[in-house]
$ cat query.txt   # compact mmCIF, C-alpha atoms
# COMPACT_ATOMS: atom_id res chain seq x y z
CA MET A 1023 64.36 51.67 23.13
CA THR A 1024 66.61 52.73 25.95
CA ALA A 1025 67.87 50.46 28.67
CA ILE A 1026 65.75 49.91 31.74
CA THR A 1027 67.19 51.95 34.60
CA HIS A 1028 64.44 51.81 37.24
CA HIS A 1029 64.06 48.27 38.56
CA LEU A 1030 61.95 46.48 41.13
CA PRO A 1031 63.26 46.53 44.71
CA ASP A 1032 64.29 43.17 46.07
CA HIS A 1033 61.62 42.88 48.74
CA LEU A 1034 58.89 43.05 46.08
CA LEU A 1035 60.57 40.33 44.01
CA ALA A 1036 60.97 38.17 47.13
CA SER A 1037 57.34 38.73 48.06
CA TYR A 1038 56.21 37.89 44.51
CA ALA A 1039 58.30 34.69 44.56
CA ALA A 1040 56.83 33.77 47.95
CA GLY A 1041 53.29 34.40 46.72
CA THR A 1042 52.49 37.07 49.31
CA LEU A 1043 52.30 40.05 46.98
CA PRO A 1044 48.72 41.28 46.42
CA GLN A 1045 47.53 40.58 42.90
CA PRO A 1046 47.58 44.17 41.56
CA PHE A 1047 51.29 44.46 42.41
CA ALA A 1048 51.96 40.91 41.23
CA LEU A 1049 50.67 41.94 37.79
CA VAL A 1050 53.17 44.82 37.68
CA VAL A 1051 55.99 42.51 38.80
CA ALA A 1052 55.13 39.84 36.21
CA SER A 1053 54.91 42.53 33.51
CA HIS A 1054 58.21 44.17 34.47
CA VAL A 1055 59.97 40.79 34.60
CA SER A 1056 58.61 40.09 31.12
CA LEU A 1057 60.51 43.18 29.93
CA CYS A 1058 63.58 43.09 32.19
CA ASP A 1059 66.15 40.28 32.09
CA ASP A 1060 67.92 41.71 35.11
CA CYS A 1061 64.87 41.37 37.35
CA ARG A 1062 64.05 38.00 35.75
CA ALA A 1063 67.44 36.77 36.91
CA SER A 1064 66.81 38.18 40.41
CA LEU A 1065 63.42 36.47 40.51
CA GLU A 1066 65.06 33.16 39.56
CA ALA A 1067 67.44 33.76 42.48
CA HIS A 1068 64.53 34.18 44.87
CA ASN A 1069 62.95 31.00 43.50
CA ALA A 1070 66.27 29.25 44.14
CA ALA A 1071 66.15 30.43 47.77
CA GLY A 1072 62.53 29.26 47.95
CA GLY A 1073 63.69 25.91 46.60
CA VAL A 1074 66.24 25.64 49.40
CA VAL A 1075 63.52 26.32 51.98
CA LEU A 1076 61.25 23.75 50.29
CA GLU A 1077 64.03 21.13 50.37
CA THR A 1078 64.55 21.66 54.10
CA THR A 1079 60.86 21.68 55.11
CA LEU A 1080 59.83 18.94 57.50
CA GLU A 1081 58.02 16.11 55.73
CA GLU A 1082 54.40 15.23 56.41
CA ARG A 1083 53.18 11.67 56.11
CA LEU A 1084 51.28 11.04 52.88
CA SER A 1085 48.14 8.97 52.42
CA LYS A 1086 49.04 5.48 51.25
CA ASP A 1087 47.22 5.68 47.95
CA LEU A 1088 48.33 9.19 46.90
CA LYS A 1089 51.24 8.07 44.74
CA ALA A 1090 49.26 5.36 42.94
CA SER A 1091 46.41 7.78 42.37
CA ILE A 1092 48.74 10.36 40.78
CA LEU A 1093 50.60 7.78 38.68
CA ALA A 1094 47.26 6.54 37.38
CA GLN A 1095 46.47 10.03 36.06
CA LEU A 1096 49.65 10.57 34.06
CA ASP A 1097 48.12 9.45 30.79
CA ASP A 1098 44.88 11.40 31.26
CA ASP A 1099 44.06 14.09 28.73
CA PHE A 1100 44.38 17.61 29.99
CA VAL A 1101 43.70 21.04 28.60
CA ARG A 1102 46.65 23.38 28.34
CA GLU A 1103 45.96 26.84 29.66
CA PRO A 1104 46.02 29.47 26.92
CA VAL A 1105 49.25 31.45 26.63
CA TYR A 1106 48.72 35.14 26.05
CA GLU A 1107 51.31 36.79 23.82
CA ARG A 1108 52.48 40.36 24.01
CA GLU A 1109 50.27 42.67 21.90
CA GLY A 1110 52.02 45.87 20.92
CA ALA A 1111 52.95 47.67 24.12
CA LEU A 1112 51.02 45.29 26.36
CA PRO A 1113 53.04 42.40 27.83
CA GLY A 1114 51.64 38.87 28.12
CA PRO A 1115 50.55 39.12 31.78
CA VAL A 1116 48.49 42.26 30.98
CA MET A 1117 46.95 40.52 27.96
CA GLU A 1118 46.07 37.59 30.20
CA ALA A 1119 44.46 39.91 32.76
CA LEU A 1120 42.46 41.43 29.88
CA GLU A 1121 41.57 37.89 28.72
CA GLY A 1122 43.12 38.61 25.34
CA GLN A 1123 40.81 41.54 24.58
CA PRO A 1124 42.04 45.04 23.74
CA PRO A 1125 41.71 47.47 26.68
CA LYS A 1126 38.35 49.20 27.07
CA TRP A 1127 39.49 52.78 27.58
CA LYS A 1128 37.35 55.25 29.52
CA SER A 1129 38.06 58.89 29.00
CA LEU A 1130 38.98 60.98 32.02
CA GLY A 1131 39.08 64.17 29.94
CA LEU A 1132 41.89 66.09 28.24
CA GLY A 1133 42.97 63.01 26.32
CA VAL A 1134 43.72 61.05 29.48
CA LYS A 1135 42.20 57.57 29.44
CA GLN A 1136 42.17 54.67 31.82
CA CYS A 1137 41.20 51.03 31.77
CA ILE A 1138 40.66 49.50 35.20
CA ILE A 1139 41.93 45.92 35.13
CA SER A 1140 40.92 45.05 38.65
CA ALA A 1141 39.85 46.90 41.76
CA GLY A 1142 39.06 45.31 45.07
CA GLU A 1143 40.10 45.08 48.67
CA ASN A 1144 43.61 43.99 47.61
CA GLY A 1145 44.06 47.29 45.81
CA SER A 1146 43.67 48.11 42.18
CA VAL A 1147 45.55 48.04 38.93
CA ARG A 1148 44.80 49.92 35.75
CA LEU A 1149 46.21 51.02 32.45
CA LEU A 1150 46.66 54.74 31.93
CA HIS A 1151 47.01 56.50 28.59
CA ILE A 1152 48.46 59.99 28.92
CA PRO A 1153 49.02 62.36 25.99
CA PRO A 1154 52.39 64.13 25.82
CA GLY A 1155 52.62 67.02 28.28
CA GLN A 1156 49.71 65.87 30.40
CA ALA A 1157 49.98 65.01 34.06
CA MET A 1158 49.19 61.55 35.27
CA PRO A 1159 45.98 61.36 37.29
CA ASP A 1160 46.78 61.55 40.97
CA HIS A 1161 46.84 57.92 41.93
CA SER A 1162 46.06 58.50 45.59
CA HIS A 1163 48.57 58.99 48.34
CA GLY A 1164 47.99 56.33 50.89
CA GLY A 1165 50.16 53.29 50.52
CA LEU A 1166 52.35 51.73 47.88
CA GLU A 1167 52.11 52.68 44.21
CA LEU A 1168 53.90 50.92 41.37
CA THR A 1169 53.87 52.51 37.92
CA LEU A 1170 55.37 50.60 35.00
CA VAL A 1171 55.87 52.37 31.67
CA LEU A 1172 54.74 50.31 28.66
CA GLN A 1173 54.94 52.98 25.95
CA GLY A 1174 56.42 56.48 25.74
CA SER A 1175 57.87 57.95 28.91
CA PHE A 1176 57.14 60.27 31.81
CA SER A 1177 59.24 62.42 34.07
CA ASP A 1178 58.82 63.59 37.61
CA GLU A 1179 60.86 64.42 40.70
CA GLY A 1180 62.18 60.83 40.63
CA GLY A 1181 63.70 61.17 37.15
CA ARG A 1182 62.74 60.03 33.67
CA PHE A 1183 60.90 56.73 33.26
CA GLY A 1184 60.96 55.02 29.87
CA VAL A 1185 59.59 51.71 28.58
CA GLY A 1186 60.14 48.97 31.14
CA ASP A 1187 61.00 51.34 33.97
CA VAL A 1188 59.00 51.03 37.14
CA GLU A 1189 58.49 53.83 39.66
CA VAL A 1190 57.96 52.79 43.26
CA ALA A 1191 56.27 55.42 45.39
CA ASN A 1192 54.65 55.53 48.78
CA GLU A 1193 52.86 58.14 50.81
CA ASP A 1194 56.17 59.79 51.71
CA VAL A 1195 56.83 60.66 48.09
CA GLU A 1196 55.14 63.66 46.55
CA HIS A 1197 55.44 63.34 42.81
CA THR A 1198 53.76 64.74 39.73
CA PRO A 1199 54.47 62.54 36.72
CA ILE A 1200 54.12 64.30 33.36
CA ALA A 1201 54.13 62.43 30.06
CA ASP A 1202 57.11 63.41 27.90
CA ALA A 1203 56.93 64.55 24.29
CA GLY A 1204 56.59 61.80 21.71
CA ASP A 1205 54.23 58.84 21.82
CA PRO A 1206 51.40 58.94 24.34
CA CYS A 1207 52.57 57.38 27.59
CA ILE A 1208 50.90 54.09 28.49
CA CYS A 1209 51.47 52.89 32.05
CA LEU A 1210 50.38 50.02 34.22
CA ALA A 1211 49.68 51.49 37.65
CA ALA A 1212 48.90 49.55 40.81
CA THR A 1213 48.07 50.83 44.26
CA ASP A 1214 46.89 49.31 47.52
CA ALA A 1215 44.90 52.40 48.41
CA PRO A 1216 41.29 52.61 47.25
CA LEU A 1217 40.81 54.41 43.95
CA LYS A 1218 39.68 57.96 44.54
CA PHE A 1219 37.87 59.06 41.45
CA ASN A 1220 37.10 62.52 42.80
CA SER A 1221 40.70 63.39 43.26
CA LEU A 1222 41.35 62.86 39.57
CA MET A 1223 39.45 65.91 38.49
CA PRO A 1224 41.27 68.81 40.18
CA ARG A 1225 44.58 67.68 38.76
CA LEU A 1226 43.06 67.22 35.33
CA LEU A 1227 41.52 70.66 35.42
CA GLN A 1228 44.99 72.08 35.83
CA PRO A 1229 46.81 70.62 32.87
CA ILE A 1230 50.44 71.48 32.78
CA PHE A 1231 51.61 72.30 29.29
CA LYS A 1232 55.22 71.45 29.38
CA ILE A 1233 56.16 69.83 26.10
CA MET B 22 83.39 11.81 33.51
CA ASN B 23 80.49 13.09 31.51
CA THR B 24 78.93 16.24 32.92
CA GLN B 25 75.37 14.96 32.56
CA SER B 26 76.00 12.22 35.12
CA ALA B 27 77.53 14.78 37.51
CA LEU B 28 74.16 16.53 37.78
CA SER B 29 72.07 15.87 40.86
CA GLN B 30 69.70 12.92 40.83
CA GLU B 31 66.67 15.23 40.89
CA THR B 32 67.88 17.02 37.76
CA GLN B 33 68.53 13.75 35.98
CA TRP B 34 65.05 12.47 36.92
CA MET B 35 63.46 15.69 35.73
CA ILE B 36 65.32 15.55 32.39
CA ALA B 37 64.19 11.92 31.98
CA VAL B 38 60.60 12.99 32.62
CA ARG B 39 60.90 15.89 30.19
CA ASP B 40 62.68 14.10 27.36
CA ASN B 41 61.53 10.48 27.72
CA ARG B 42 58.25 10.77 29.67
CA ASP B 43 59.91 8.38 32.10
CA LYS B 44 57.35 7.30 34.70
CA ALA B 45 59.89 5.61 36.94
CA ALA B 46 61.84 8.88 37.10
CA PHE B 47 58.59 10.69 37.89
CA GLY B 48 57.97 8.18 40.70
CA ALA B 49 61.43 8.99 42.06
CA LEU B 50 60.64 12.72 41.95
CA PHE B 51 57.40 12.01 43.80
CA ASP B 52 59.29 10.09 46.48
CA HIS B 53 61.75 12.95 46.86
CA TYR B 54 59.32 15.86 46.88
CA ALA B 55 55.77 14.86 47.79
CA ALA B 56 56.12 14.55 51.58
CA ARG B 57 58.18 17.76 51.75
CA LEU B 58 55.63 19.51 49.58
CA LYS B 59 52.85 18.43 51.88
CA GLY B 60 54.76 19.79 54.88
CA PHE B 61 55.46 23.01 53.00
CA VAL B 62 51.83 23.51 51.95
CA MET B 63 50.52 22.70 55.43
CA ARG B 64 52.66 25.50 56.89
CA SER B 65 50.17 27.87 55.25
CA GLY B 66 47.45 26.49 57.50
CA VAL B 67 45.48 24.26 55.12
CA SER B 68 44.17 20.85 56.18
CA SER B 69 45.99 17.63 55.46
CA GLY B 70 43.35 16.74 52.88
CA GLN B 71 43.59 19.99 50.98
CA ALA B 72 47.40 19.86 51.17
CA GLU B 73 47.32 16.48 49.43
CA GLU B 74 45.04 17.87 46.72
CA ILE B 75 47.61 20.60 46.14
CA VAL B 76 50.50 18.10 46.17
CA GLN B 77 48.64 16.05 43.57
CA ASP B 78 48.06 19.13 41.45
CA VAL B 79 51.69 20.24 41.72
CA MET B 80 53.04 16.81 40.83
CA LEU B 81 50.70 16.51 37.83
CA THR B 82 51.80 20.00 36.73
CA VAL B 83 55.43 18.89 37.01
CA TRP B 84 54.59 16.00 34.67
CA ARG B 85 52.49 18.00 32.23
CA LYS B 86 54.66 21.11 32.04
CA ALA B 87 57.98 19.29 32.15
CA ASP B 88 58.85 20.81 28.77
CA GLN B 89 59.17 24.18 30.53
CA PHE B 90 61.91 22.85 32.80
CA ASP B 91 65.32 24.18 31.80
CA PRO B 92 68.18 23.03 34.02
CA ASN B 93 70.34 25.86 32.67
CA ARG B 94 68.01 28.39 34.29
CA ALA B 95 66.60 26.75 37.39
CA GLN B 96 67.27 23.81 39.66
CA VAL B 97 64.44 21.34 40.10
CA SER B 98 63.70 22.58 43.63
CA ALA B 99 63.45 26.22 42.45
CA TRP B 100 61.17 25.19 39.60
CA VAL B 101 58.97 23.03 41.85
CA TYR B 102 58.83 25.91 44.35
CA GLN B 103 57.54 28.23 41.63
CA VAL B 104 54.98 25.69 40.38
CA THR B 105 53.81 25.13 43.97
CA ARG B 106 53.32 28.85 44.56
CA ASN B 107 51.29 29.17 41.36
CA ARG B 108 49.06 26.25 42.28
CA MET B 109 48.60 27.39 45.89
CA ILE B 110 47.50 30.86 44.78
CA ASP B 111 45.09 29.35 42.26
CA MET B 112 43.66 26.75 44.65
CA ILE B 113 43.70 28.50 48.05
CA ARG B 114 43.25 32.14 47.11
CA LYS B 115 41.15 31.31 44.02
CA GLU B 116 43.08 33.87 42.03
CA ARG B 117 45.10 33.56 38.86
CA ARG B 118 48.67 34.46 39.64
CA PRO B 119 50.09 36.79 37.00
CA ILE B 120 53.04 34.96 35.42
CA PRO B 121 55.88 36.57 33.43
CA GLU B 122 56.12 35.77 29.73
CA GLU B 123 58.15 32.68 29.02
CA LEU B 124 61.48 33.29 27.37
CA THR B 125 61.31 32.09 23.82
CA GLN B 126 64.15 29.77 23.17
CA GLU B 127 65.04 27.12 20.69
CA PRO B 128 65.73 23.69 22.14
CA ASP B 129 69.47 23.29 22.28
CA PRO B 130 70.47 20.66 19.69
CA GLU B 131 73.59 19.79 21.67
CA PRO B 132 72.69 20.23 25.30
CA ASP B 133 75.66 21.21 27.38
CA ALA B 134 75.36 20.24 31.00
CA SER B 135 78.14 22.53 32.18
CA GLN B 136 75.80 25.51 32.65
CA SER B 137 73.33 23.32 34.56
CA LEU B 138 76.18 22.03 36.67
CA ALA B 139 77.42 25.55 37.43
CA LEU B 140 73.89 26.54 38.47
CA GLU B 141 73.66 23.51 40.76
CA GLN B 142 76.94 24.45 42.36
CA GLU B 143 75.61 27.94 43.05
CA ALA B 144 72.48 26.41 44.55
CA THR B 145 74.62 24.25 46.82
CA LYS B 146 76.55 27.31 47.95
CA LEU B 147 73.28 29.14 48.51
CA ARG B 148 72.01 26.28 50.68
CA GLU B 149 75.23 26.31 52.68
CA ALA B 150 75.05 30.08 53.06
CA ILE B 151 71.50 29.81 54.42
CA GLN B 152 72.55 27.02 56.78
CA ARG B 153 75.41 29.13 58.09
CA LEU B 154 73.12 32.03 59.04
CA LYS B 155 72.44 32.68 62.69
CA PRO B 156 69.26 30.88 63.80
CA ASP B 157 67.17 34.06 64.01
CA GLN B 158 68.23 35.18 60.53
CA ARG B 159 67.68 31.75 59.11
CA GLU B 160 64.20 31.76 60.56
CA ILE B 161 63.47 35.05 58.82
CA ILE B 162 64.59 33.61 55.49
CA GLU B 163 62.38 30.58 56.03
CA ARG B 164 59.43 32.77 56.91
CA VAL B 165 59.97 34.93 53.80
CA TYR B 166 59.92 31.96 51.42
CA LEU B 167 57.26 30.02 53.29
CA GLY B 168 55.08 33.05 52.53
CA GLU B 169 54.60 34.12 56.14
CA LEU B 170 55.71 37.74 55.70
CA THR B 171 54.07 40.51 53.69
CA HIS B 172 56.12 42.61 51.29
CA GLN B 173 56.07 45.37 53.90
CA GLU B 174 57.37 43.02 56.58
CA ILE B 175 60.10 41.78 54.23
CA SER B 176 61.03 45.37 53.50
CA ASN B 177 61.25 46.10 57.24
CA GLN B 178 63.79 43.29 57.76
CA THR B 179 66.64 45.69 57.22
CA GLY B 180 68.55 43.71 54.70
CA LEU B 181 70.98 41.33 56.23
CA PRO B 182 69.67 37.87 55.43
CA LEU B 183 68.12 38.95 52.14
CA GLY B 184 71.36 40.73 51.32
CA THR B 185 73.31 37.54 51.97
CA ILE B 186 71.08 35.58 49.64
CA LYS B 187 71.21 38.18 46.99
CA SER B 188 74.98 38.53 46.97
CA ARG B 189 75.38 34.76 47.02
CA VAL B 190 73.03 34.24 44.15
CA ARG B 191 74.25 37.29 42.26
CA LEU B 192 77.40 35.40 41.39
CA GLY B 193 75.37 32.78 39.61
CA LEU B 194 73.17 35.42 38.11
CA GLU B 195 75.96 37.12 36.23
CA ARG B 196 76.28 33.95 34.23
CA LEU B 197 72.54 33.53 33.96
CA ARG B 198 72.06 37.07 32.74
CA HIS B 199 74.73 36.56 30.13
CA GLU B 200 72.82 33.56 28.88
CA LEU B 201 69.48 35.35 28.93
CA LYS B 202 70.97 38.06 26.75
CA GLY B 203 72.04 35.38 24.29
CA MET B 204 68.48 34.05 24.10
CA ARG B 205 67.03 37.43 23.30
CA SER B 206 69.45 38.37 20.55
$ encode --input "query.txt" --output "structure tokens"
Amino acid sequence: MTAITHHLPDHLLASYAAGTLPQPFALVVASHVSLCDDCRASLEAHNAAGGVVLETTLEERLSKDLKASILAQLDDDFVREPVYEREGALPGPVMEALEGQPPKWKSLGLGVKQCIISAGENGSVRLLHIPPGQAMPDHSHGGLELTLVLQGSFSDEGGRFGVGDVEVANEDVEHTPIADAGDPCICLAATDAPLKFNSLMPRLLQPIFKI
Amino acid sequence: MNTQSALSQETQWMIAVRDNRDKAAFGALFDHYAARLKGFVMRSGVSSGQAEEIVQDVMLTVWRKADQFDPNRAQVSAWVYQVTRNRMIDMIRKERRPIPEELTQEPDPEPDASQSLALEQEATKLREAIQRLKPDQREIIERVYLGELTHQEISNQTGLPLGTIKSRVRLGLERLRHELKGMRS
């Protein structure tokens, strides 16, 4: 495994820390941080800054009985949330989003498969499985796109992206990612533009054999 | 002087909660944080009643997940901030916030407070750096971490205050990253 060279930009880490990042992107951030100590350290830094802001927030008066009520609950039983472990190429946050189940792949043709994890008004996030030499389905060009490599690698105008690397693209960037030779490329891809299923087909009908 | 006693009161309370399930220390943490937390949560526009529900949830999470607190990696305020964000997203947005995998680490048999102390010193410097910012820049920083700006809006704030924070904290991060590497190996 080669070192991670494509990291998350700081404004996305700050937005994740502050809780303002839409969920599809937050899943990519949590997954990248699971793989990247460098960005984990940066995220801790943003939490530290958040802590400073919390410490300096003006206080609000509390109800008289709040403290007693909380202290009285300390010995109550509680259920720990399940912790989802990494499974093969899929990091814990992806396994949690899949509720611990293996991905349900849907074929898009030519060996390309996808598993939509969530799609809604906040955008969408999905797993993509691309055989070597195949182009990634066109994930729309209207807004922000984050693509995190979980297995294999792909290359495009932005360089080569291996396991743990994240490509950040927006509508200004025209790019055509192609899976490199070797293992099939598995990516976690999030976008805030609506999924356009139609636009997948033309690209897929023009496979680029470039192994 | 022993380094443990040089740590901030909040850190010592949190360690007492984690290691000894010390309810008096938890009460002290409540007194320090709860009213600030309520003010912080209400900045997002929720009612006083719902804010107190969230404060209750955050404080109970602090008690129940105290074993995840590691003073070598985060100050109490940073950890409480993170817990608060998680609970607010769950309770206000009704979404599960995706959370990074926990680092797997063995409990240190001979805890050394010097790393925690160094981290606290960086946090103090960070606080001072934020306080020294010009009022308009400081306000931007507050708005970022109060969750009042979208990622796009943060990105449009061409750098300066975020850059200050980052360079300030970077110093501490070099150490932190070194330690993270040690945990992985």
$ residues_near_point --input "query.txt" --point "(41.4, 43.6, 44.7)" --cutoff "12 Å" --atoms "all atoms listed in the file" --output "PyMOL selection string"
(chain A and resi 1043-1049+1138-1148+1212-1217) or (chain B and resi 114+116)
$ residues_near_point --input "query.txt" --point "(45.6, 9.0, 51.3)" --cutoff "12 Å" --atoms "all atoms listed in the file" --output "number ranges by chain"
A: 1082-1092; B: 56, 59, 69-74, 76-77
$ write_last_selection --input "query.txt" --atoms "C-alpha atoms" --output "short mmCIF file (atom, residue, chain, number, x, y, z; two decimals), in the frame of the given file"
data_model
loop_
_atom_site.label_atom_id
_atom_site.label_comp_id
_atom_site.auth_asym_id
_atom_site.auth_seq_id
_atom_site.Cartn_x
_atom_site.Cartn_y
_atom_site.Cartn_z
CA GLU A 1082 54.40 15.23 56.41
CA ARG A 1083 53.18 11.67 56.11
CA LEU A 1084 51.28 11.04 52.88
CA SER A 1085 48.14 8.97 52.42
CA LYS A 1086 49.04 5.48 51.25
CA ASP A 1087 47.22 5.68 47.95
CA LEU A 1088 48.33 9.19 46.90
CA LYS A 1089 51.24 8.07 44.74
CA ALA A 1090 49.26 5.36 42.94
CA SER A 1091 46.41 7.78 42.37
CA ILE A 1092 48.74 10.36 40.78
CA ALA B 56 56.12 14.55 51.58
CA LYS B 59 52.85 18.43 51.88
CA SER B 69 45.99 17.63 55.46
CA GLY B 70 43.35 16.74 52.88
CA GLN B 71 43.59 19.99 50.98
CA ALA B 72 47.40 19.86 51.17
CA GLU B 73 47.32 16.48 49.43
CA GLU B 74 45.04 17.87 46.72
CA VAL B 76 50.50 18.10 46.17
CA GLN B 77 48.64 16.05 43.57
#
$ interface_residues --input "query.txt" --of "chain B" --to "chain A" --cutoff "7 Å" --atoms "all atoms listed in the file" --output "ChimeraX atom specification"
/B:56-57,59-61,77,95,98-99,102-103,106,119-122,144,148,163,165-168,171-172,175-176,190,194,197-198,201
$ closest_residue --input "query.txt" --among "B:Met63, B:Ala45, B:Val38, B:Val101" --to "Arg85 of chain B" --atoms "all atoms listed in the file"
B:Val38
$ residues_around --input "query.txt" --residues "segment 29-34 of chain B" --least-positions-apart "3" --cutoff "12 Å" --atoms "all atoms listed in the file" --output "PyMOL selection string"
(chain A and resi 1077) or (chain B and resi 24-26+37-54+83-84+87+90-101+134+137-142+144-145)
$ atom_distance --input "query.txt" --atom1 "atom CA of Ile36 of chain B" --atom2 "atom CA of Arg117 of chain B"
27.8 Å
$ atom_distance --input "query.txt" --atom1 "atom CA of Val1134 of chain A" --atom2 "atom CA of Ile1152 of chain A"
4.9 Å
$ atom_distance --input "query.txt" --atom1 "atom CA of Glu149 of chain B" --atom2 "atom CA of Ile75 of chain B"
29.0 Å
$ axis_aligned_box --input "query.txt" --around "segment 116-125 of chain B" --padding-each-side "5 Å" --output "AutoDock Vina command-line options"
--center_x 52.3 --center_y 34.4 --center_z 32.9 --size_x 28.4 --size_y 14.7 --size_z 28.2
$ decode --input "query.txt" --residues "segment 1067-1080 of chain A" --atoms "N, CA and C atoms" --output "short mmCIF file (atom, residue, chain, number, x, y, z; two decimals), in the first residue's frame"
data_model
loop_
_atom_site.label_atom_id
_atom_site.label_comp_id
_atom_site.auth_asym_id
_atom_site.auth_seq_id
_atom_site.Cartn_x
_atom_site.Cartn_y
_atom_site.Cartn_z
N ALA A 1067 -7.50 18.88 15.37
CA ALA A 1067 -7.18 20.31 15.50
C ALA A 1067 -8.45 21.15 15.36
N HIS A 1068 -9.30 20.79 14.41
CA HIS A 1068 -10.55 21.54 14.26
C HIS A 1068 -11.45 21.33 15.48
N ASN A 1069 -11.45 20.12 16.04
CA ASN A 1069 -12.23 19.91 17.26
C ASN A 1069 -11.68 20.76 18.40
N ALA A 1070 -10.35 20.92 18.44
CA ALA A 1070 -9.74 21.76 19.47
C ALA A 1070 -10.23 23.20 19.32
N ALA A 1071 -10.29 23.68 18.07
CA ALA A 1071 -10.78 25.04 17.83
C ALA A 1071 -12.26 25.13 18.21
N GLY A 1072 -13.02 24.08 17.90
CA GLY A 1072 -14.43 24.05 18.30
C GLY A 1072 -14.55 24.09 19.82
N GLY A 1073 -13.63 23.39 20.49
CA GLY A 1073 -13.62 23.39 21.96
C GLY A 1073 -13.39 24.78 22.52
N VAL A 1074 -12.50 25.53 21.86
CA VAL A 1074 -12.23 26.91 22.30
C VAL A 1074 -13.51 27.75 22.17
N VAL A 1075 -14.19 27.59 21.04
CA VAL A 1075 -15.43 28.35 20.83
C VAL A 1075 -16.49 27.94 21.86
N LEU A 1076 -16.57 26.62 22.13
CA LEU A 1076 -17.52 26.15 23.15
C LEU A 1076 -17.22 26.77 24.52
N GLU A 1077 -15.94 26.79 24.87
CA GLU A 1077 -15.54 27.34 26.19
C GLU A 1077 -15.89 28.82 26.32
N THR A 1078 -15.92 29.53 25.19
CA THR A 1078 -16.15 30.98 25.28
C THR A 1078 -17.58 31.37 24.93
N THR A 1079 -18.47 30.35 24.76
CA THR A 1079 -19.87 30.66 24.47
C THR A 1079 -20.55 31.23 25.72
N LEU A 1080 -21.43 32.17 25.51
CA LEU A 1080 -22.18 32.72 26.65
C LEU A 1080 -23.05 31.65 27.28
#
